[in-house]
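Colleague: Structure file start04.csv, CSV, C-alpha atoms, is pasted below:
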```
chain,number,residue,atom,x,y,z
A,799,MET,CA,-1.1,-26.5,-1.0
A,800,ILE,CA,-3.0,-23.5,-2.4
A,801,GLU,CA,-5.5,-24.1,-5.1
A,802,LYS,CA,-8.0,-21.3,-4.9
A,803,VAL,CA,-7.8,-17.7,-3.7
A,804,ALA,CA,-10.4,-15.0,-3.1
A,805,VAL,CA,-9.7,-11.3,-3.8
A,806,VAL,CA,-12.0,-9.0,-1.8
A,807,GLY,CA,-12.0,-5.6,-3.5
A,808,LEU,CA,-11.1,-5.4,-7.2
A,809,GLY,CA,-9.6,-1.9,-7.3
A,810,LEU,CA,-6.1,-1.0,-8.4
A,811,ILE,CA,-4.3,-3.4,-6.1
A,812,GLY,CA,-6.9,-6.1,-5.8
A,813,GLY,CA,-7.5,-6.1,-9.6
A,814,SER,CA,-3.8,-6.2,-10.3
A,815,LEU,CA,-3.4,-9.1,-7.8
A,816,ALA,CA,-6.2,-11.0,-9.6
A,817,LYS,CA,-4.6,-10.3,-13.0
A,818,ALA,CA,-1.1,-11.3,-11.8
A,819,ILE,CA,-2.4,-14.5,-10.1
A,820,LYS,CA,-4.3,-15.5,-13.2
A,821,LYS,CA,-1.2,-14.8,-15.4
A,822,TYR,CA,1.5,-16.3,-13.3
A,823,THR,CA,-0.2,-19.2,-11.4
A,824,ASP,CA,-2.7,-22.0,-12.0
A,825,LEU,CA,-4.9,-20.9,-9.1
A,826,ARG,CA,-8.6,-20.4,-9.4
A,827,ILE,CA,-9.8,-16.9,-8.4
A,828,ILE,CA,-13.0,-15.7,-6.7
A,829,GLY,CA,-13.6,-12.0,-7.1
A,830,VAL,CA,-15.6,-10.1,-4.5
A,831,ASP,CA,-16.7,-6.5,-5.1
A,832,VAL,CA,-19.8,-4.4,-4.6
A,833,ARG,CA,-19.3,-2.8,-8.1
A,834,ASP,CA,-21.0,-4.7,-10.9
A,835,ASP,CA,-18.8,-3.0,-13.5
A,836,TYR,CA,-15.6,-4.4,-11.9
A,837,ILE,CA,-17.1,-7.9,-11.5
A,838,ASN,CA,-18.5,-7.9,-15.1
A,839,GLU,CA,-15.2,-6.7,-16.6
A,840,ALA,CA,-13.1,-9.2,-14.5
A,841,GLN,CA,-15.3,-12.1,-15.6
A,842,GLY,CA,-15.6,-10.8,-19.2
A,843,ILE,CA,-11.8,-10.9,-19.7
A,844,GLY,CA,-11.4,-14.2,-17.9
A,845,ILE,CA,-9.6,-12.9,-14.8
A,846,ILE,CA,-12.0,-14.4,-12.1
A,847,ASP,CA,-13.6,-17.8,-12.1
A,848,GLU,CA,-16.4,-17.0,-9.6
A,849,SER,CA,-17.8,-13.8,-8.2
A,850,PHE,CA,-19.8,-12.4,-5.2
A,851,LYS,CA,-20.9,-9.0,-4.2
A,852,LYS,CA,-20.7,-10.0,-0.6
A,853,ILE,CA,-19.5,-13.0,1.4
A,854,GLU,CA,-22.6,-14.4,3.0
A,855,ALA,CA,-22.1,-18.2,2.6
A,856,PRO,CA,-19.2,-20.6,3.1
A,857,LEU,CA,-16.3,-19.6,0.9
A,858,ASP,CA,-14.1,-22.3,-0.6
A,859,ALA,CA,-10.8,-20.4,-0.7
A,860,ASP,CA,-7.4,-21.3,0.6
A,861,VAL,CA,-6.2,-17.7,0.7
A,862,VAL,CA,-8.3,-14.6,1.0
A,863,PHE,CA,-6.7,-11.2,0.0
A,864,ILE,CA,-8.4,-8.2,1.7
A,865,CYS,CA,-7.9,-5.3,-0.7
A,866,THR,CA,-10.2,-2.8,0.9
A,867,PRO,CA,-9.1,0.7,2.1
A,868,VAL,CA,-7.1,0.4,5.4
A,869,GLY,CA,-9.9,1.6,7.5
A,870,ALA,CA,-12.2,-1.2,6.4
A,871,VAL,CA,-9.8,-4.1,6.7
A,872,ILE,CA,-10.6,-5.1,10.3
A,873,SER,CA,-14.3,-5.0,10.0
A,874,CYS,CA,-14.2,-6.8,6.7
A,875,ILE,CA,-12.3,-9.7,8.3
A,876,GLU,CA,-14.6,-9.8,11.3
A,877,GLU,CA,-17.6,-10.2,9.0
A,878,MET,CA,-16.2,-12.9,6.9
A,879,LEU,CA,-14.5,-15.1,9.5
A,880,PRO,CA,-17.7,-17.3,10.0
A,881,TYR,CA,-17.6,-18.2,6.3
A,882,LEU,CA,-14.0,-19.2,5.9
A,883,LYS,CA,-12.8,-22.8,6.0
A,884,ASP,CA,-10.3,-24.5,8.3
A,885,GLY,CA,-6.7,-23.7,7.4
A,886,CYS,CA,-7.6,-20.5,5.4
A,887,ILE,CA,-4.8,-17.9,5.1
A,888,ILE,CA,-6.1,-14.4,5.4
A,889,THR,CA,-4.0,-11.5,4.2
A,890,ASP,CA,-4.3,-7.8,3.5
A,891,VAL,CA,-2.5,-5.2,1.4
A,892,GLY,CA,-2.8,-2.2,3.7
A,893,SER,CA,-0.2,0.5,3.9
A,894,THR,CA,-0.2,0.4,7.7
A,895,LYS,CA,0.3,-2.7,9.8
A,896,ARG,CA,0.4,-2.2,13.6
A,897,THR,CA,-3.3,-1.3,14.1
A,898,ILE,CA,-4.4,-4.1,11.8
A,899,MET,CA,-2.0,-6.8,13.2
A,900,ASN,CA,-3.0,-6.0,16.8
A,901,ALA,CA,-6.7,-6.3,16.1
A,902,ILE,CA,-6.6,-9.4,14.0
A,903,ASN,CA,-4.2,-11.2,16.3
A,904,GLU,CA,-6.9,-11.0,18.9
A,905,ILE,CA,-9.8,-12.3,16.9
A,906,ILE,CA,-8.3,-14.8,14.5
A,907,PRO,CA,-9.4,-18.4,15.4
A,908,GLU,CA,-6.9,-21.1,15.9
A,909,ASN,CA,-7.9,-22.9,12.7
A,910,MET,CA,-7.0,-20.0,10.5
A,911,PHE,CA,-3.9,-17.9,9.8
A,912,PHE,CA,-3.3,-14.2,9.3
A,913,ILE,CA,-0.4,-12.8,7.3
A,914,GLY,CA,-0.2,-9.0,7.1
A,915,GLY,CA,0.9,-7.9,3.6
A,916,HIS,CA,1.8,-4.6,1.9
A,917,PRO,CA,3.1,-4.5,-1.7
A,918,MET,CA,5.3,-1.4,-2.2
A,919,THR,CA,3.7,-0.4,-5.5
A,920,GLY,CA,0.8,1.6,-6.7
A,921,SER,CA,-0.3,4.5,-8.9
A,922,GLU,CA,-2.2,7.8,-8.6
A,923,LYS,CA,-4.8,6.1,-10.8
A,924,PHE,CA,-7.4,3.8,-9.2
A,925,GLY,CA,-10.0,1.2,-9.9
A,926,PHE,CA,-10.1,-2.1,-11.7
A,927,PHE,CA,-9.7,-0.5,-15.1
A,928,ALA,CA,-6.3,0.9,-14.1
A,929,SER,CA,-5.0,-2.4,-12.7
A,930,ASN,CA,-2.3,-4.5,-14.5
A,931,SER,CA,-0.7,-7.8,-14.0
A,932,GLU,CA,2.9,-6.4,-13.8
A,933,LEU,CA,2.3,-4.1,-10.9
A,934,PHE,CA,4.2,-6.3,-8.4
A,935,ASN,CA,7.0,-7.4,-10.7
A,936,GLY,CA,10.4,-6.4,-9.3
A,937,ASN,CA,8.8,-4.5,-6.3
A,938,ASN,CA,9.2,-5.2,-2.6
A,939,TYR,CA,6.3,-6.9,-0.8
A,940,PHE,CA,6.3,-6.6,3.0
A,941,ILE,CA,5.2,-9.7,4.9
A,942,VAL,CA,4.2,-9.4,8.6
A,943,PRO,CA,3.2,-12.8,10.0
A,944,GLY,CA,0.5,-13.0,12.6
A,945,LYS,CA,1.6,-14.1,16.1
A,946,ASN,CA,0.2,-17.6,15.7
A,947,THR,CA,1.0,-18.2,12.1
A,948,PRO,CA,3.6,-20.9,11.7
A,949,VAL,CA,6.7,-20.3,9.6
A,950,GLU,CA,5.7,-23.1,7.2
A,951,ILE,CA,2.4,-21.4,6.4
A,952,VAL,CA,4.3,-18.1,5.7
A,953,ASP,CA,6.7,-20.0,3.4
A,954,VAL,CA,3.8,-21.6,1.4
A,955,PHE,CA,2.2,-18.3,1.0
A,956,ILE,CA,5.4,-16.6,-0.2
A,957,ASN,CA,6.5,-19.4,-2.5
A,958,GLU,CA,3.2,-20.3,-4.1
A,959,ILE,CA,1.9,-16.8,-4.6
A,960,ILE,CA,4.1,-13.8,-3.8
A,961,LYS,CA,7.3,-14.9,-5.6
A,962,LYS,CA,5.3,-16.1,-8.6
A,963,LEU,CA,4.0,-12.6,-9.1
A,964,GLY,CA,7.6,-11.4,-9.4
A,965,ALA,CA,7.5,-9.5,-6.1
A,966,LYS,CA,10.4,-9.5,-3.6
A,967,PRO,CA,9.1,-10.7,-0.1
A,968,ILE,CA,10.5,-8.8,2.9
A,969,LEU,CA,9.7,-10.2,6.3
A,970,ILE,CA,9.3,-7.4,8.9
A,971,ASP,CA,7.5,-6.5,12.1
A,972,SER,CA,4.6,-4.1,12.1
A,973,ASP,CA,6.3,-1.2,14.0
A,974,SER,CA,9.3,-1.2,11.7
A,975,HIS,CA,7.0,-1.4,8.7
A,976,ASP,CA,5.0,1.6,9.7
A,977,LYS,CA,8.1,3.7,10.4
A,978,ILE,CA,9.6,2.8,7.0
A,979,VAL,CA,6.4,3.5,5.0
A,980,GLY,CA,5.9,6.7,7.0
A,981,ILE,CA,9.3,7.9,5.8
A,982,VAL,CA,9.2,6.8,2.1
A,983,SER,CA,5.5,6.9,1.3
A,984,HIS,CA,3.2,8.7,3.8
A,985,VAL,CA,5.2,11.8,4.4
A,986,PRO,CA,6.1,12.2,0.7
A,987,HIS,CA,2.4,12.0,-0.1
A,988,ILE,CA,1.6,14.8,2.4
A,989,LEU,CA,4.4,16.9,1.0
A,990,SER,CA,3.2,16.4,-2.5
A,991,ALA,CA,-0.3,17.6,-1.5
A,992,THR,CA,1.2,20.4,0.5
A,993,LEU,CA,3.3,21.7,-2.5
A,994,THR,CA,0.3,21.5,-4.7
A,995,ASN,CA,-1.8,23.6,-2.3
A,996,PHE,CA,1.1,25.9,-1.6
A,997,VAL,CA,1.5,26.8,-5.3
A,998,TYR,CA,-2.2,27.4,-5.8
A,999,LYS,CA,-2.4,29.5,-2.7
A,1000,GLU,CA,0.6,31.6,-3.6
A,1001,ASP,CA,-0.4,32.2,-7.2
A,1002,ALA,CA,-3.0,30.0,-8.8
A,1003,ASP,CA,-2.1,31.3,-12.3
A,1004,SER,CA,1.5,30.0,-11.9
A,1005,ILE,CA,0.3,26.4,-12.2
A,1006,LYS,CA,-0.2,26.9,-16.0
A,1007,PHE,CA,3.5,27.3,-16.3
A,1008,ALA,CA,4.4,24.2,-14.4
A,1009,ALA,CA,6.9,21.9,-16.1
A,1010,GLY,CA,8.2,18.4,-15.5
A,1011,GLY,CA,9.7,18.9,-12.0
A,1012,PHE,CA,6.5,20.2,-10.5
A,1013,LYS,CA,4.4,17.6,-12.3
A,1014,ASP,CA,6.7,14.7,-11.1
A,1015,THR,CA,6.8,16.0,-7.5
A,1016,THR,CA,3.0,16.5,-7.3
A,1017,ARG,CA,1.8,13.5,-9.3
A,1018,ILE,CA,0.9,11.4,-6.2
A,1019,SER,CA,-1.3,14.2,-4.8
A,1020,MET,CA,-3.9,13.0,-7.4
A,1021,SER,CA,-4.4,9.7,-5.4
A,1022,GLN,CA,-7.8,8.9,-3.8
A,1023,THR,CA,-8.5,11.0,-0.7
A,1024,GLU,CA,-10.6,8.3,1.0
A,1025,MET,CA,-7.7,5.8,0.8
A,1026,TRP,CA,-5.1,8.3,2.0
A,1027,LYS,CA,-7.3,9.6,4.8
A,1028,ASP,CA,-7.4,6.0,6.3
A,1029,ILE,CA,-3.7,5.5,5.9
A,1030,ILE,CA,-2.7,8.8,7.5
A,1031,LEU,CA,-5.0,8.3,10.5
A,1032,ASN,CA,-3.8,4.8,11.1
A,1033,ASN,CA,-0.2,5.9,11.1
A,1034,LYS,CA,-0.8,9.2,12.8
A,1035,GLU,CA,1.8,9.1,15.6
A,1036,VAL,CA,4.6,8.0,13.3
A,1037,ILE,CA,3.7,10.7,10.7
A,1038,LYS,CA,3.5,13.5,13.4
A,1039,ASN,CA,7.1,12.7,14.6
A,1040,LEU,CA,8.4,12.5,11.0
A,1041,LEU,CA,6.8,15.8,10.0
A,1042,LEU,CA,8.5,17.5,13.0
A,1043,ASP,CA,11.8,16.1,11.9
A,1044,TYR,CA,11.1,17.4,8.4
A,1045,GLU,CA,10.3,20.8,9.8
A,1046,ASN,CA,13.7,20.8,11.6
A,1047,LEU,CA,15.4,20.1,8.3
A,1048,LEU,CA,13.6,23.0,6.6
A,1049,ASN,CA,14.6,25.2,9.4
A,1050,GLU,CA,18.2,24.2,8.9
A,1051,PHE,CA,17.9,25.2,5.2
A,1052,LEU,CA,16.3,28.6,6.2
A,1053,PHE,CA,19.2,29.2,8.6
A,1054,TYR,CA,21.7,28.6,5.7
A,1055,LEU,CA,19.7,31.0,3.5
A,1056,GLU,CA,19.4,33.7,6.1
A,1057,HIS,CA,23.2,33.6,6.8
A,1058,ASP,CA,24.3,33.3,3.1
A,1059,ASP,CA,26.0,30.0,4.1
A,1060,ILE,CA,26.8,29.0,0.5
A,1061,GLU,CA,28.9,26.1,1.5
A,1062,SER,CA,26.1,24.5,3.6
A,1063,LEU,CA,23.6,25.1,0.9
A,1064,CYS,CA,25.8,23.4,-1.6
A,1065,LYS,CA,26.3,20.4,0.7
A,1066,PHE,CA,22.5,20.2,1.2
A,1067,PHE,CA,21.9,19.8,-2.5
A,1068,ASP,CA,25.0,17.7,-3.1
A,1069,SER,CA,23.9,15.2,-0.4
A,1070,ALA,CA,20.4,15.0,-1.9
A,1071,ARG,CA,21.8,14.3,-5.4
A,1072,GLU,CA,24.1,11.5,-4.2
A,1073,ILE,CA,21.4,9.9,-2.2
A,1074,ARG,CA,18.9,10.0,-5.0
A,1075,LYS,CA,21.5,8.5,-7.4
A,1076,SER,CA,21.7,5.5,-5.1
A,1077,ILE,CA,18.0,4.7,-5.6
A,1078,ALA,CA,17.2,2.6,-8.6
A,1079,SER,CA,15.1,4.5,-11.1
```
Mind turning the file's structure into structure tokens?

Modeller:
Amino acid sequence: MIEKVAVVGLGLIGGSLAKAIKKYTDLRIIGVDVRDDYINEAQGIGIIDESFKKIEAPLDADVVFICTPVGAVISCIEEMLPYLKDGCIITDVGSTKRTIMNAINEIIPENMFFIGGHPMTGSEKFGFFASNSELFNGNNYFIVPGKNTPVEIVDVFINEIIKKLGAKPILIDSDSHDKIVGIVSHVPHILSATLTNFVYKEDADSIKFAAGGFKDTTRISMSQTEMWKDIILNNKEVIKNLLLDYENLLNEFLFYLEHDDIESLCKFFDSAREIRKSIAS
């Protein structure tokens, strides 16, 4: 039974987790963050019950959420392992899973359990002040159990926390996860940034005339560089192959254009429209 959780990193995702857990469960919450303003705000509005800037003593938590940037997850867990109690569930919210799972599976002690996690939600905004309790409601939440984590532990974690936040748990392996998020999240972010840089390079003044389409397409390019740098590097091989596939598709479009193949151009746009209609808005 889960009674107390710790959230390490009170940024957008960690702050939203803390707010959602406070709103939808009866669990006590420990907040951990190096930023005084995040800690003070979280305590001031009653979201966290205890706080630390760093874990340097035994931590009385049944579940620990690691909500740091992807590149810091492994080292963060390594540093805190000596302070966690028997039976503790450790989980993360990182956008890549294979590198993290491989590393943690090797260092996790037998008396603790790791469950890789990734809520498929977010915002171009960041920080605790942008967090909200409804961020997970109705959204998929990938679950990647550690190699020695029993099914019953995963079930407790899902039933006592994830489902109560309104999220839809999806059990998956790390390789499948990284391929999926590469397709629907990582490459689109790169393309958003590419389009933004392309327009500026071609004609910087043209940006002042940008309307809804350009703004919608490039919105995610405003996300934190530090966070996305870690994500891209941790899923580098998958992303490289996907970008090559994307290049091939662009070349197909160029071929249609060069040969005035109106029928193929129309099919290209018709196909995209029908596929997009199938996605819930």

Colleague: Which residues of range 917-950 of chain A have any atom within 12 Å of an atom in range 832-851 of chain A when counting all atoms listed in the file, and what is the closest pair of atoms for each, with the distance in Å to one decimal? Order the rows by chain and rising number and write it as a Markdown table.

Modeller:
```
| residue | atom | partner | partner_atom | distance |
| --- | --- | --- | --- | --- |
| A:Phe924 | CA | A:Tyr836 | CA | 11.9 |
| A:Gly925 | CA | A:Tyr836 | CA | 8.2 |
| A:Phe926 | CA | A:Tyr836 | CA | 6.0 |
| A:Phe927 | CA | A:Tyr836 | CA | 7.8 |
| A:Ala928 | CA | A:Tyr836 | CA | 10.9 |
| A:Ser929 | CA | A:Ala840 | CA | 10.7 |
| A:Asn930 | CA | A:Ile845 | CA | 11.1 |
| A:Ser931 | CA | A:Ile845 | CA | 10.3 |
```

Colleague: To one decimal place, how far is CA of Glu877 in chain A from CA of Val891 in chain A in Å?

Modeller: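 Going from CA of Glu877 in chain A over to CA of Val891 in chain A, I get 17.6 Å.
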
Colleague: Tell me which protein, DNA and RNA residues are within 7 Å of Ile1029 in chain A, counting all atoms listed in the file, leaving out same-chain ones fewer than 4 positions away, and put them as a list of chain:residue names.

Modeller: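 After dropping sequence-adjacent residues, the list is A:Val868, A:Ser893, A:Thr894, A:Met1025, A:Asn1033.
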
Colleague: What lies within 12 Å of Glu904 in chain A using only C-alpha atoms, ignoring chain neighbours under 3 positions off, as a short mmCIF file (atom, residue, chain, number, x, y, z; two decimals) with C-alpha atoms, in the coordinates of the input?

Modeller:
```cif
data_model
loop_
_atom_site.label_atom_id
_atom_site.label_comp_id
_atom_site.auth_asym_id
_atom_site.auth_seq_id
_atom_site.Cartn_x
_atom_site.Cartn_y
_atom_site.Cartn_z
CA ILE A 872 -10.60 -5.10 10.30
CA ILE A 875 -12.30 -9.70 8.30
CA GLU A 876 -14.60 -9.80 11.30
CA THR A 897 -3.30 -1.30 14.10
CA ILE A 898 -4.40 -4.10 11.80
CA MET A 899 -2.00 -6.80 13.20
CA ASN A 900 -3.00 -6.00 16.80
CA ALA A 901 -6.70 -6.30 16.10
CA PRO A 907 -9.40 -18.40 15.40
CA GLU A 908 -6.90 -21.10 15.90
CA PHE A 911 -3.90 -17.90 9.80
CA PHE A 912 -3.30 -14.20 9.30
CA GLY A 944 0.50 -13.00 12.60
CA LYS A 945 1.60 -14.10 16.10
CA ASN A 946 0.20 -17.60 15.70
#
```

Colleague: Do you have the CA of Phe940 in chain A-CA of Ile970 in chain A distance handy?

Modeller: 6.7 Å

Colleague: Choose the residue, out of A:Tyr822, A:Phe1012, A:Tyr881, A:Tyr939, that has the smallest atom-to-atom separation from Met918 in chain A; count only C-alpha atoms.

Modeller: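 Of the candidates, the smallest distance to Met918 in chain A is held by A:Tyr939.
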
Colleague: To one decimal place in Å, what is the distance between CA of Asp858 in chain A and CA of Ile902 in chain A?

Modeller: 20.9 Å

Colleague: Start from the incomplete input, build N, CA and C atoms for range 866-899 of chain A, and deliver everything as a tab-separated table (two decimals), in the coordinates of the input.

Modeller:
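Written file, result_37.tsv:
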```tsv
chain	number	residue	atom	x	y	z
A	866	THR	N	-9.40	-3.93	0.57
A	866	THR	CA	-10.20	-2.80	0.90
A	866	THR	C	-9.34	-1.63	1.34
A	867	PRO	N	-9.89	-0.40	1.48
A	867	PRO	CA	-9.10	0.70	2.10
A	867	PRO	C	-8.73	0.22	3.56
A	868	VAL	N	-7.63	0.76	4.06
A	868	VAL	CA	-7.10	0.40	5.40
A	868	VAL	C	-8.13	0.43	6.47
A	869	GLY	N	-8.95	1.47	6.46
A	869	GLY	CA	-9.90	1.60	7.50
A	869	GLY	C	-11.01	0.59	7.57
A	870	ALA	N	-11.16	-0.19	6.49
A	870	ALA	CA	-12.20	-1.20	6.40
A	870	ALA	C	-11.69	-2.62	6.61
A	871	VAL	N	-10.38	-2.80	6.70
A	871	VAL	CA	-9.80	-4.10	6.70
A	871	VAL	C	-10.28	-4.95	7.93
A	872	ILE	N	-10.22	-4.37	9.12
A	872	ILE	CA	-10.60	-5.10	10.30
A	872	ILE	C	-12.01	-5.55	10.33
A	873	SER	N	-12.93	-4.64	10.04
A	873	SER	CA	-14.30	-5.00	10.00
A	873	SER	C	-14.67	-5.99	8.94
A	874	CYS	N	-14.00	-5.88	7.80
A	874	CYS	CA	-14.20	-6.80	6.70
A	874	CYS	C	-13.83	-8.23	7.13
A	875	ILE	N	-12.71	-8.37	7.80
A	875	ILE	CA	-12.30	-9.70	8.30
A	875	ILE	C	-13.21	-10.23	9.33
A	876	GLU	N	-13.62	-9.38	10.26
A	876	GLU	CA	-14.60	-9.80	11.30
A	876	GLU	C	-15.84	-10.38	10.69
A	877	GLU	N	-16.35	-9.74	9.67
A	877	GLU	CA	-17.60	-10.20	9.00
A	877	GLU	C	-17.47	-11.47	8.29
A	878	MET	N	-16.31	-11.73	7.72
A	878	MET	CA	-16.20	-12.90	6.90
A	878	MET	C	-15.68	-14.16	7.63
A	879	LEU	N	-15.12	-13.99	8.82
A	879	LEU	CA	-14.50	-15.10	9.50
A	879	LEU	C	-15.49	-16.34	9.64
A	880	PRO	N	-16.78	-16.14	9.90
A	880	PRO	CA	-17.70	-17.30	10.00
A	880	PRO	C	-17.80	-18.12	8.73
A	881	TYR	N	-17.42	-17.54	7.60
A	881	TYR	CA	-17.60	-18.20	6.30
A	881	TYR	C	-16.35	-18.83	5.74
A	882	LEU	N	-15.23	-18.68	6.45
A	882	LEU	CA	-14.00	-19.20	5.90
A	882	LEU	C	-13.69	-20.60	6.44
A	883	LYS	N	-12.99	-21.38	5.62
A	883	LYS	CA	-12.80	-22.80	6.00
A	883	LYS	C	-11.52	-22.96	6.83
A	884	ASP	N	-11.42	-24.14	7.47
A	884	ASP	CA	-10.30	-24.50	8.30
A	884	ASP	C	-8.99	-24.35	7.46
A	885	GLY	N	-7.96	-23.77	8.07
A	885	GLY	CA	-6.70	-23.70	7.40
A	885	GLY	C	-6.54	-22.49	6.46
A	886	CYS	N	-7.59	-21.68	6.36
A	886	CYS	CA	-7.60	-20.50	5.40
A	886	CYS	C	-6.50	-19.53	5.85
A	887	ILE	N	-5.78	-19.01	4.88
A	887	ILE	CA	-4.80	-17.90	5.10
A	887	ILE	C	-5.52	-16.62	4.73
A	888	ILE	N	-5.56	-15.69	5.67
A	888	ILE	CA	-6.10	-14.40	5.40
A	888	ILE	C	-4.99	-13.36	5.35
A	889	THR	N	-5.01	-12.51	4.37
A	889	THR	CA	-4.00	-11.50	4.20
A	889	THR	C	-4.56	-10.21	3.74
A	890	ASP	N	-3.87	-9.11	3.97
A	890	ASP	CA	-4.30	-7.80	3.50
A	890	ASP	C	-3.24	-7.15	2.67
A	891	VAL	N	-3.51	-5.96	2.15
A	891	VAL	CA	-2.50	-5.20	1.40
A	891	VAL	C	-2.37	-3.81	1.88
A	892	GLY	N	-2.76	-3.59	3.14
A	892	GLY	CA	-2.80	-2.20	3.70
A	892	GLY	C	-1.47	-1.59	3.89
A	893	SER	N	-1.46	-0.26	3.78
A	893	SER	CA	-0.20	0.50	3.90
A	893	SER	C	0.19	0.79	5.32
A	894	THR	N	-0.63	0.39	6.30
A	894	THR	CA	-0.20	0.40	7.70
A	894	THR	C	-0.44	-0.96	8.28
A	895	LYS	N	0.34	-1.32	9.30
A	895	LYS	CA	0.30	-2.70	9.80
A	895	LYS	C	0.00	-2.83	11.26
A	896	ARG	N	0.49	-1.94	12.11
A	896	ARG	CA	0.40	-2.20	13.60
A	896	ARG	C	-1.04	-2.27	14.03
A	897	THR	N	-1.90	-1.33	13.64
A	897	THR	CA	-3.30	-1.30	14.10
A	897	THR	C	-4.01	-2.60	13.61
A	898	ILE	N	-3.79	-2.96	12.36
A	898	ILE	CA	-4.40	-4.10	11.80
A	898	ILE	C	-3.92	-5.41	12.47
A	899	MET	N	-2.61	-5.54	12.63
A	899	MET	CA	-2.00	-6.80	13.20
A	899	MET	C	-2.54	-6.93	14.66
```
